[in-house]
Structures are given as structure tokens and as C-alpha cells.
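Source file: data_38.txt (compact mmCIF, C-alpha atoms and all ligand atoms)
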# COMPACT_ATOMS: atom_id res chain seq x y z
CA MET A 1 112.18 107.77 70.04
CA ALA A 2 110.34 110.70 68.49
CA ASN A 3 110.42 112.77 71.61
CA ASP A 4 113.04 112.04 74.16
CA TYR A 5 111.61 113.74 77.19
CA TYR A 6 114.79 113.23 79.17
CA SER A 7 116.98 114.98 76.61
CA ILE A 8 114.39 117.76 76.22
CA LEU A 9 114.84 118.48 79.91
CA GLY A 10 118.57 117.75 79.74
CA ILE A 11 118.53 115.17 82.47
CA PRO A 12 119.61 111.53 82.78
CA LYS A 13 117.07 108.72 82.80
CA SER A 14 117.86 108.18 86.46
CA ALA A 15 116.90 111.73 87.44
CA SER A 16 115.02 112.14 90.70
CA ALA A 17 111.69 113.93 90.98
CA GLU A 18 113.46 116.96 92.43
CA GLU A 19 115.97 117.03 89.55
CA ILE A 20 113.18 116.84 87.00
CA LYS A 21 111.40 119.71 88.67
CA ARG A 22 114.51 121.84 88.88
CA ALA A 23 115.43 121.25 85.23
CA TYR A 24 111.88 122.01 84.17
CA ARG A 25 111.69 125.25 86.09
CA LYS A 26 114.95 126.51 84.67
CA LEU A 27 113.94 125.70 81.08
CA ALA A 28 110.37 126.91 81.45
CA HIS A 29 111.67 130.21 82.71
CA GLN A 30 114.11 130.45 79.83
CA HIS A 31 111.67 129.64 77.04
CA HIS A 32 108.44 131.12 78.32
CA PRO A 33 106.58 132.63 75.33
CA ASP A 34 105.95 135.87 77.21
CA LYS A 35 109.68 136.53 77.24
CA ASP A 36 111.66 138.32 74.54
CA LYS A 37 113.70 135.28 73.68
CA GLY A 38 110.83 132.93 74.44
CA ASN A 39 109.99 130.04 72.18
CA GLU A 40 106.44 128.73 72.29
CA ALA A 41 107.16 125.46 70.52
CA LYS A 42 110.06 124.75 72.80
CA PHE A 43 108.02 125.76 75.82
CA LYS A 44 105.28 123.32 74.87
CA GLU A 45 107.82 120.59 74.36
CA ILE A 46 109.30 121.23 77.79
CA ASN A 47 105.87 121.19 79.36
CA GLU A 48 104.94 117.97 77.68
CA ALA A 49 108.14 116.33 78.84
CA TYR A 50 107.62 117.58 82.36
CA GLN A 51 104.00 116.50 82.57
CA VAL A 52 104.98 112.97 81.70
CA LEU A 53 108.15 112.68 83.74
CA SER A 54 106.78 114.39 86.84
CA ASP A 55 103.96 111.89 87.11
CA PRO A 56 105.34 108.57 88.39
CA ALA A 57 102.67 106.51 86.62
CA LYS A 58 103.10 108.29 83.30
CA ARG A 59 106.85 108.22 83.64
CA SER A 60 107.02 104.47 84.08
CA GLN A 61 104.64 104.04 81.16
CA TYR A 62 106.85 106.31 79.09
CA ASP A 63 109.98 104.45 80.13
CA GLN A 64 108.37 101.22 78.95
CA PHE A 65 106.54 102.28 75.83
CA GLY A 66 108.01 105.62 74.83
CA SER A 67 106.04 108.64 73.79
CA ALA A 68 103.69 106.54 71.64
CA PHE A 69 101.37 106.14 74.57
CA THR A 70 100.14 109.70 74.31
CA ASN A 71 99.52 109.53 70.58
CA GLY A 72 95.78 109.35 71.03
CA ALA A 73 95.73 113.05 71.57
CA ARG A 74 98.92 114.34 70.09
CA GLY A 75 97.21 115.93 67.08
CA GLN A 76 97.48 113.08 64.62
CA GLY A 77 94.87 114.84 62.54
CA ALA A 78 91.32 113.97 61.76
CA GLY A 79 92.40 111.56 59.06
CA ALA A 80 93.78 109.13 61.56
CA GLY A 81 90.44 107.37 61.68
CA PHE A 82 88.18 106.63 64.54
CA ASN A 83 89.92 105.42 67.59
CA PRO A 84 87.71 104.41 70.47
CA GLN A 85 90.28 105.92 72.76
CA ASP A 86 89.38 109.32 71.41
CA PHE A 87 86.34 109.23 73.60
CA ASP A 88 88.28 108.46 76.66
CA PHE A 89 88.10 111.71 78.59
CA SER A 90 91.60 111.29 79.86
CA ASN A 91 92.90 111.72 76.34
CA PHE A 92 91.34 115.09 75.74
CA THR A 93 93.68 116.81 78.01
CA ARG A 94 96.86 115.18 76.83
CA GLY A 95 98.93 116.32 73.94
CA PHE A 96 99.44 119.80 75.19
CA GLY A 97 100.90 118.42 78.26
CA PHE A 98 98.34 119.26 80.88
CA GLU A 99 97.03 116.69 83.16
CA GLY A 100 93.39 115.90 83.40
CA GLU A 101 93.17 113.40 86.19
CA ASP A 102 89.57 114.31 86.77
CA PRO A 103 87.40 113.85 83.68
CA PHE A 104 85.10 116.62 84.87
CA ASP A 105 87.97 119.03 85.06
CA ILE A 106 87.87 119.66 81.38
CA PHE A 107 84.19 120.39 81.41
CA SER A 108 84.51 122.89 84.17
CA ASN A 109 87.19 124.55 82.08
CA ILE A 110 85.30 124.50 78.81
CA PHE A 111 82.08 125.76 80.29
CA GLY A 112 83.76 128.21 82.55
CA GLY A 113 82.64 126.43 85.66
CA GLY A 114 84.64 128.23 88.28
CA GLY A 115 88.36 128.31 88.48
CA GLY A 116 88.96 124.95 86.87
CA ARG A 117 90.20 123.30 89.99
CA ARG A 118 92.66 120.53 89.53
CA SER A 119 91.78 117.34 91.27
CA ARG A 120 95.10 117.31 93.10
CA ARG A 121 94.01 120.51 94.76
CA GLU A 122 90.84 119.01 96.06
CA ARG A 123 90.03 117.96 99.57
CA GLY A 124 91.38 114.80 101.08
CA VAL A 125 89.82 111.41 100.63
CA ASP A 126 86.86 110.37 102.80
CA LEU A 127 87.48 107.33 104.95
CA GLU A 128 85.17 104.63 106.17
CA TYR A 129 85.73 102.77 109.42
CA GLY A 130 83.69 99.86 110.69
CA LEU A 131 82.85 100.19 114.37
CA ILE A 132 81.30 97.37 116.36
CA LEU A 133 79.26 98.38 119.41
CA SER A 134 77.72 96.28 122.13
CA PHE A 135 73.94 96.32 122.39
CA GLU A 136 74.06 98.55 125.48
CA GLU A 137 76.60 100.95 123.95
CA ALA A 138 74.21 101.57 121.06
CA VAL A 139 71.24 102.05 123.39
CA PHE A 140 72.97 104.53 125.70
CA GLY A 141 75.69 106.03 123.48
CA VAL A 142 79.40 105.76 124.22
CA GLU A 143 82.72 107.47 123.71
CA LYS A 144 85.12 105.25 121.80
CA GLU A 145 88.79 105.51 121.14
CA ILE A 146 89.66 104.30 117.67
CA GLN A 147 92.89 104.07 115.73
CA ILE A 148 92.97 104.72 112.03
CA GLU A 149 95.89 104.60 109.66
CA LYS A 150 95.53 107.46 107.27
CA THR A 151 97.22 110.14 105.27
CA ASP A 152 97.45 113.00 107.71
CA LYS A 153 98.91 116.47 107.55
CA CYS A 154 102.72 116.61 107.47
CA GLU A 155 103.70 118.20 110.74
CA HIS A 156 107.07 119.44 109.54
CA CYS A 157 105.54 121.87 107.03
CA ASN A 158 102.10 122.05 108.65
CA GLY A 159 100.60 120.60 105.49
CA SER A 160 101.81 123.33 103.14
CA GLY A 161 104.37 121.16 101.34
CA THR A 162 106.93 123.96 101.57
CA GLU A 163 110.09 123.54 103.60
CA PRO A 164 109.83 125.96 106.52
CA GLY A 165 111.97 129.05 105.81
CA SER A 166 112.17 128.29 102.11
CA LYS A 167 112.16 131.24 99.73
CA ILE A 168 108.85 131.74 97.94
CA SER A 169 109.10 133.13 94.42
CA THR A 170 106.81 133.98 91.56
CA CYS A 171 105.83 130.97 89.48
CA PRO A 172 108.04 130.88 86.34
CA LYS A 173 105.37 129.23 84.24
CA CYS A 174 102.44 131.59 84.75
CA HIS A 175 104.42 134.57 85.98
CA GLY A 176 102.33 134.79 89.08
CA GLN A 177 99.00 134.80 87.22
CA GLY A 178 97.98 131.41 88.56
CA GLN A 179 96.40 130.68 85.20
CA ILE A 180 97.66 129.69 81.82
CA ARG A 181 95.96 129.58 78.45
CA VAL A 182 96.07 126.25 76.71
CA MET A 183 94.78 124.76 73.51
CA ARG A 184 92.78 121.61 74.03
CA ARG A 185 91.49 119.07 71.62
CA THR A 186 87.97 118.27 72.69
CA ILE A 187 84.91 116.68 71.20
CA PHE A 188 83.99 120.23 70.16
CA GLY A 189 87.26 120.75 68.30
CA GLN A 190 90.24 122.86 69.32
CA MET A 191 89.50 125.27 72.11
CA GLN A 192 91.58 127.76 73.93
CA THR A 193 90.84 127.72 77.60
CA ALA A 194 92.28 129.24 80.69
CA THR A 195 93.23 126.74 83.29
CA ASN A 196 94.90 126.82 86.64
CA CYS A 197 98.63 126.76 86.29
CA ASP A 198 99.73 123.26 87.11
CA GLU A 199 103.16 124.27 88.23
CA CYS A 200 101.98 126.44 91.12
CA GLU A 201 98.47 124.95 91.19
CA GLY A 202 96.89 128.33 90.71
CA SER A 203 98.62 130.08 93.57
CA GLY A 204 101.06 132.01 91.37
CA LYS A 205 103.89 131.21 93.75
CA VAL A 206 106.36 128.40 94.04
CA ALA A 207 108.57 127.50 96.94
CA GLU A 208 112.26 127.12 96.34
CA ARG A 209 112.40 123.98 98.41
CA SER A 210 109.72 121.39 98.95
CA CYS A 211 109.26 120.05 102.46
CA ALA A 212 112.07 117.60 103.19
CA VAL A 213 109.75 115.28 105.10
CA CYS A 214 106.73 114.96 102.80
CA LYS A 215 108.51 115.92 99.54
CA GLY A 216 105.99 118.67 98.91
CA SER A 217 102.67 116.90 99.24
CA GLY A 218 101.97 118.27 102.71
CA GLN A 219 100.83 114.79 103.65
CA LYS A 220 102.16 112.13 105.94
CA ARG A 221 100.90 108.62 106.56
CA ARG A 222 100.42 107.76 110.19
CA VAL A 223 98.22 106.05 112.72
CA LYS A 224 95.94 108.48 114.46
CA THR A 225 94.07 107.83 117.69
CA LEU A 226 90.68 109.47 117.76
CA LYS A 227 88.03 109.81 120.42
CA VAL A 228 84.59 109.61 118.88
CA LYS A 229 81.30 110.25 120.59
CA ILE A 230 78.65 107.76 119.54
CA PRO A 231 75.18 109.21 120.15
CA ALA A 232 72.68 107.26 122.23
CA GLY A 233 70.15 105.43 120.10
CA ILE A 234 72.43 104.68 117.18
CA ASP A 235 71.35 101.56 115.34
CA ASP A 236 72.91 98.77 113.36
CA GLY A 237 73.76 99.80 109.79
CA GLN A 238 73.78 103.54 110.45
CA ARG A 239 76.71 105.80 109.55
CA ILE A 240 78.17 108.65 111.53
CA ARG A 241 80.10 111.39 109.78
CA VAL A 242 83.08 112.75 111.66
CA SER A 243 83.76 115.96 109.81
CA GLY A 244 87.37 116.68 108.84
CA GLU A 245 88.79 113.40 110.13
CA GLY A 246 89.34 111.82 106.71
CA GLU A 247 92.63 112.10 104.88
CA ALA A 248 94.62 115.30 104.54
CA GLY A 249 94.22 117.16 101.27
CA TYR A 250 97.11 117.81 98.94
CA LYS A 251 99.27 120.76 99.98
CA GLY A 252 97.01 121.98 102.75
CA SER A 253 93.67 121.50 100.97
CA ASN A 254 90.74 120.57 103.18
CA PHE A 255 90.59 117.26 104.95
CA GLY A 256 88.08 114.63 103.88
CA ASP A 257 85.53 113.23 106.31
CA LEU A 258 85.52 110.04 108.30
CA TYR A 259 82.45 107.82 108.18
CA LEU A 260 81.86 105.32 110.96
CA SER A 261 79.77 102.36 109.83
CA ILE A 262 78.02 101.12 112.92
CA GLN A 263 77.51 97.46 113.61
CA VAL A 264 75.60 96.59 116.76
CA SER A 265 76.12 93.21 118.39
CA PRO A 266 72.90 91.38 119.19
CA SER A 267 71.82 90.96 122.80
CA ARG A 268 70.95 87.63 124.42
CA GLN A 269 68.09 89.17 126.35
CA PHE A 270 66.63 91.89 124.17
CA ARG A 271 65.55 92.52 120.63
CA ARG A 272 65.37 96.00 119.24
CA ASP A 273 63.40 97.88 116.63
CA GLY A 274 64.53 101.50 116.63
CA PRO A 275 63.92 102.84 120.13
CA THR A 276 61.61 99.98 121.12
CA LEU A 277 63.04 96.99 122.96
CA PHE A 278 61.43 93.57 123.29
CA SER A 279 61.86 90.62 125.58
CA ASP A 280 59.92 87.58 126.76
CA ILE A 281 59.19 86.13 130.16
CA SER A 282 57.62 82.90 131.19
CA ILE A 283 55.13 82.51 134.08
CA SER A 284 53.35 79.48 135.43
CA VAL A 285 49.66 78.67 135.01
CA TYR A 286 49.12 79.42 138.70
CA GLN A 287 50.82 82.81 138.43
CA ALA A 288 48.78 83.59 135.34
CA ALA A 289 45.56 82.59 137.04
CA LEU A 290 46.13 84.18 140.41
CA GLY A 291 48.29 87.16 139.42
CA THR A 292 51.79 87.92 140.65
CA GLU A 293 54.67 90.33 140.57
CA VAL A 294 57.77 89.32 138.63
CA GLU A 295 61.19 90.86 138.07
CA VAL A 296 61.93 91.62 134.47
CA PRO A 297 65.42 92.34 133.09
CA THR A 298 65.66 95.68 131.24
CA VAL A 299 68.62 97.70 129.95
CA ASP A 300 68.31 99.68 133.21
CA GLY A 301 68.49 96.56 135.35
CA ARG A 302 65.69 94.46 136.79
CA VAL A 303 62.31 96.12 137.29
CA LYS A 304 59.14 94.83 138.92
CA LEU A 305 56.21 94.00 136.66
CA LYS A 306 52.74 93.34 138.04
CA ILE A 307 50.95 90.46 136.34
CA PRO A 308 47.23 90.74 137.00
CA ALA A 309 45.13 87.68 137.78
CA GLY A 310 43.76 86.01 134.68
CA THR A 311 46.63 87.00 132.38
CA GLN A 312 46.53 85.16 129.07
CA SER A 313 49.59 83.76 127.36
CA GLU A 314 51.22 86.11 124.77
CA LYS A 315 49.93 89.20 126.52
CA VAL A 316 52.24 92.16 126.01
CA PHE A 317 53.11 94.54 128.85
CA ARG A 318 54.60 97.94 128.19
CA LEU A 319 57.42 99.30 130.34
CA LYS A 320 57.28 102.96 129.47
CA GLY A 321 60.59 104.74 128.86
CA LYS A 322 62.67 101.59 129.36
CA GLY A 323 63.56 101.26 125.69
CA ALA A 324 66.56 102.60 123.79
CA HIS A 325 67.32 106.29 123.61
CA ILE A 326 65.78 108.05 120.64
CA LEU A 327 68.57 109.31 118.39
CA ASN A 328 69.14 113.06 118.72
CA SER A 329 66.47 113.44 121.36
CA SER A 330 66.28 113.20 125.12
CA GLY A 331 63.38 110.77 124.90
CA ARG A 332 63.42 107.02 125.20
CA GLY A 333 61.36 104.30 123.65
CA ASP A 334 59.40 101.63 125.53
CA HIS A 335 60.25 98.09 126.45
CA LEU A 336 57.58 95.56 125.50
CA VAL A 337 57.48 92.36 127.51
CA THR A 338 55.60 89.38 126.12
CA VAL A 339 54.37 86.97 128.78
CA HIS A 340 54.26 83.27 127.95
CA VAL A 341 52.21 81.03 130.22
CA ALA A 342 54.06 77.79 130.58
CA THR A 343 52.02 74.63 130.81
CA PRO A 344 53.55 72.49 133.53
CA THR A 345 55.20 69.23 132.57
CA LYS A 346 56.44 66.36 134.73
CA LEU A 347 53.75 66.69 137.37
CA THR A 348 54.19 65.02 140.70
CA LYS A 349 51.52 62.61 141.84
CA LYS A 350 50.14 65.23 144.16
CA GLU A 351 50.06 67.91 141.46
CA LYS A 352 48.21 65.53 139.19
CA GLU A 353 45.67 64.92 141.86
CA LEU A 354 45.16 68.65 142.40
CA PHE A 355 44.72 69.30 138.68
CA LYS A 356 42.16 66.51 138.49
CA GLN A 357 40.27 68.15 141.34
CA LEU A 358 40.40 71.51 139.53
CA ALA A 359 39.05 69.90 136.40
CA ALA A 360 36.29 68.16 138.34
CA GLU A 361 35.40 71.50 139.93
CA LYS A 362 34.80 72.89 136.42
CA GLY A 363 33.09 69.72 135.28
CA GLU A 364 35.75 69.22 132.60
CA SER A 365 36.72 65.79 131.46
CA VAL A 366 40.39 64.97 131.55
CA GLU A 367 42.12 61.88 130.33
CA VAL A 368 45.07 61.24 132.53
CA ASP A 369 47.84 59.52 130.69
CA GLU A 370 49.42 57.20 133.21
CA GLY A 371 52.16 56.20 130.84
CA PHE A 372 52.90 52.78 129.33
CA TRP A 373 53.43 50.93 132.61
CA GLY A 374 50.44 52.57 134.18
CA LYS A 375 48.12 50.56 131.91
CA PHE A 376 49.41 47.30 133.25
CA SER A 377 49.53 48.29 136.88
CA LYS A 378 45.76 48.88 137.10
ZN ZN A 401 102.01 129.09 88.02
ZN ZN A 402 105.86 118.42 104.81

Target format C-alpha cells, applied to this file:
Amino acid sequence: MANDYYSILGIPKSASAEEIKRAYRKLAHQHHPDKDKGNEAKFKEINEAYQVLSDPAKRSQYDQFGSAFTNGARGQGAGAGFNPQDFDFSNFTRGFGFEGEDPFDIFSNIFGGGGGRRSRRERGVDLEYGLILSFEEAVFGVEKEIQIEKTDKCEHCNGSGTEPGSKISTCPKCHGQGQIRVMRRTIFGQMQTATNCDECEGSGKVAERSCAVCKGSGQKRRVKTLKVKIPAGIDDGQRIRVSGEGEAGYKGSNFGDLYLSIQVSPSRQFRRDGPTLFSDISISVYQAALGTEVEVPTVDGRVKLKIPAGTQSEKVFRLKGKGAHILNSSGRGDHLVTVHVATPTKLTKKEKELFKQLAAEKGESVEVDEGFWGKFSK
């Protein structure tokens, strides 16, 4: 193997993450180019070894394939020919041993966009949670208790990643500067850029001992119970952002947000379009003709609705303010009731007689269907 990262760091292949870190710190301190007896080449070699072995994914790749896997960016020279991988952003930052998990990282560094934040330093991941509400819960709002499994803050170290009481010392790699200068191969050629020190993540300080519970990440996976207030008038398909209730950031970085995707169960009685509710009622021909008062179900319970005489079928009555709450307002929509006039079926003999009389009164001709047997019984 061209570069045996394990022997560079003087550790066995079975070394733990802590052992790798310890060996790296000792050697980085010893060979730092700013020191009298420093050795830049050696320092780079140590860094490269550490960057690979400290990253579990890269380490297992290295264990399988050796150092060849980073060749894409290890300065093979321009003569090596075009390799499509050269345009893979992730390769630009390799070779000098500095991670570039976020492809935009390098651009922020090249173009001086701020402090060149490393993605590991960024806020926690946003979460999405599907929440099913009943029709009434959506109309009136509700407080719900939900349980989400997520990466939360480690309580032992309060999210810092540092073992409480551990000695904090100046970062050996950047000497407390928080930044290091690195050469990068980019599509624009070799460039020297300042980047956040990856050892201390720009803070300039390192803790002697990482938190024993979270191993330094400041994060802990657990199930959290949350009370969430769902505003009145929320509708199917809408999302609610619960700020800061996503996953914990790395080493005390900001939390992500939690998004609740709302799904509203349909109602058997009502339909809804935003704040407006709809329902149907059926009245008889007599009620339609003579007028009546009926009880109509609403989300507030039954209310009386006056049907004036001569009401036509499909007429719509408006119950003002009986609709759903309007989101983020104290107002409410209306409830529209469509009246259907039901034509009577299965008339009794007497009813038939009365209808015939009504028809005769209007001079209307009616053909009374007496049914199959009726024809023979005449
Ligand atoms: Zn540092
Ligand atoms: Zn911890």
C-alpha cells in the first residue's frame, strides 16, 4: 500500500476512534509546520491519514480498497487524462486531506463567502411528521401530544460534546486560530484558501475528553413527547413549522425545525372548502310548498333553519358564521345548506287520491300508474 494510514499514525488497524484522535493530536502537535522542528510534508501526511481514518465511511472504504480511492484528487498531474470523477465536487477537496462533505463548502471558501462553515457545524436536520386530525379538530384547532424519535441534544454534556469538567486546551492543529490555510485543487487550478480548522471546527479549542455518553457529537437519539398547538382552520395538505423541534445540531449547533404535515379526515356530514362548510338536507314537497322550520346539523350542533313557503329544490341557505375558523383570524366562514325537495314515493291510496285532487285543482293531467295488476283489476 502506497500510504499506510495506520502506520503513519502509529496505530493498529483495530484502533478505536478515540485512539485515532489521540494519536493524530500528538503527531499533529509534533510536526506542525509552524514549529521549529515542524515538517510540512509529514504534517500533511498525518492530516490525510487522519481525515480518512476519522471518518467511518472513508475508513471502511480505505480498509477495503486502500488509498487508491482518493487518487482522483491526489495530484496525479494534468497528464493523467480526463476522468469524469474530476468534476465530482467531492473530489476537489480531497488530496490535501480536508473534508468537503458539502459541495458548496468549497465555493464559499474560494469566493470568500463567510467563514467557510463546515457542514458538520450546521444546524440539525429538519424533520417531517404526518399528523392526522379529525374534521372537527381542524375546524376548531386542537392541542396534540405527539411522540417523535429523533436525534436530540445529549443531556450529559448539554449538547457541547465535551465531557463535563474536561480540560479545554488550544487546538494543536491551528494553534487557536480556528483557521488553517490549505492548498486545493479546483477547476480553477491550485488555490490557497483559508478554511475553518477541522480539528476544532473553527473554535480554536479542543476538549481533552469527549463526552462519554455521546462520544463528542453532543447528540443523543431518543423519543421525545411534544405538545403541539394546531391552529383553528388548518386544512388538509397544509404544513405547520414547529421552530427548533427538529434534530439537534452537531456539537451544540442550532436545532432543525419540525414540520407537521396535516391530513384531515373527511366528515360524514360536512364538506369543506377553506373556511366554508357545506351540507345537504332533504325536505318533503309539502314542507317545500307550505314552508317549515327544520333542524340542521352544524359543527356547533343542531341549529334551526327556516324554510320559507315555495322553496325550490337545490336552493342554498347560508348559515352565517357557522363555518370553519379562518386560519390566523378570529373570524369564521359560513355554512351553506343545500335543500333537496324529495318527491314522495310509495304513496298510500289516500295520498294518491289527495294528489289527484291537487292536480285536478290546477287542471293538470296526471296518468296514475296503477301497476301491472291494476290493469287487470279494472
Ligand atoms: Zn483548530
Ligand atoms: Zn454528550

Please build the interface table for chain A against ligand ZN 402 (chain A) with a cut-off of 8 Å, listing for each qualifying residue the nearest atom pair and the distance in Å to one decimal; count all atoms listed in the file, order rows by chain and increasing number, and write it as a Markdown table.
| residue | atom | partner | partner_atom | distance |
| --- | --- | --- | --- | --- |
| A:Lys153 | CA | A:ZN402 | ZN | 7.7 |
| A:Cys154 | CA | A:ZN402 | ZN | 4.5 |
| A:Glu155 | CA | A:ZN402 | ZN | 6.3 |
| A:His156 | CA | A:ZN402 | ZN | 5.0 |
| A:Cys157 | CA | A:ZN402 | ZN | 4.1 |
| A:Asn158 | CA | A:ZN402 | ZN | 6.5 |
| A:Gly159 | CA | A:ZN402 | ZN | 5.7 |
| A:Ser160 | CA | A:ZN402 | ZN | 6.6 |
| A:Gly161 | CA | A:ZN402 | ZN | 4.7 |
| A:Thr162 | CA | A:ZN402 | ZN | 6.5 |
| A:Glu163 | CA | A:ZN402 | ZN | 6.8 |
| A:Ser210 | CA | A:ZN402 | ZN | 7.6 |
| A:Cys211 | CA | A:ZN402 | ZN | 4.4 |
| A:Ala212 | CA | A:ZN402 | ZN | 6.5 |
| A:Val213 | CA | A:ZN402 | ZN | 5.0 |
| A:Cys214 | CA | A:ZN402 | ZN | 4.1 |
| A:Lys215 | CA | A:ZN402 | ZN | 6.4 |
| A:Gly216 | CA | A:ZN402 | ZN | 5.9 |
| A:Ser217 | CA | A:ZN402 | ZN | 6.6 |
| A:Gly218 | CA | A:ZN402 | ZN | 4.4 |
| A:Gln219 | CA | A:ZN402 | ZN | 6.3 |
| A:Lys220 | CA | A:ZN402 | ZN | 7.4 |

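Each of A:Asp280, A:Asp334, A:Glu199, A:Glu293 was compared to ligand ZN 401 (chain A) using only C-alpha atoms and all ligand atoms, and A:Glu199 turns out to be the nearest.
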
Environment of ligand ZN 401 (chain A) within 8 Å, counting all atoms listed in the file, reported as a list in words
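Sorted by chain and then by number, the residues are Thr170, Cys171, Pro172, Lys173, Cys174, His175, Gly176, Gln177, Gly178, Gln179, Ile180, Asn196, Cys197, Asp198, Glu199, Cys200, Glu201, Gly202, Ser203, Gly204, Lys205 and Val206 of chain A.
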
Got a sec to check which residues sit within 12 Å of (46.7, 83.5, 124.8), counting only C-alpha atoms, and write them as JSON, numbers by chain?
{"A": [285, 288, 310, 311, 312, 313, 314, 315, 316, 338, 339, 340, 341, 342, 343]}

May I ask which of the residues A:Lys306, A:Arg318, A:Arg22, A:Lys35 is the closest one to Ser279 (chain A), counting only C-alpha atoms?
A:Arg318

Smallest atom-to-atom distance to Thr345 (chain A): which of A:Ser329, A:Thr225, A:Ser284, A:Thr186, using only C-alpha atoms?
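The answer is A:Ser284, which sits nearest to Thr345 (chain A).
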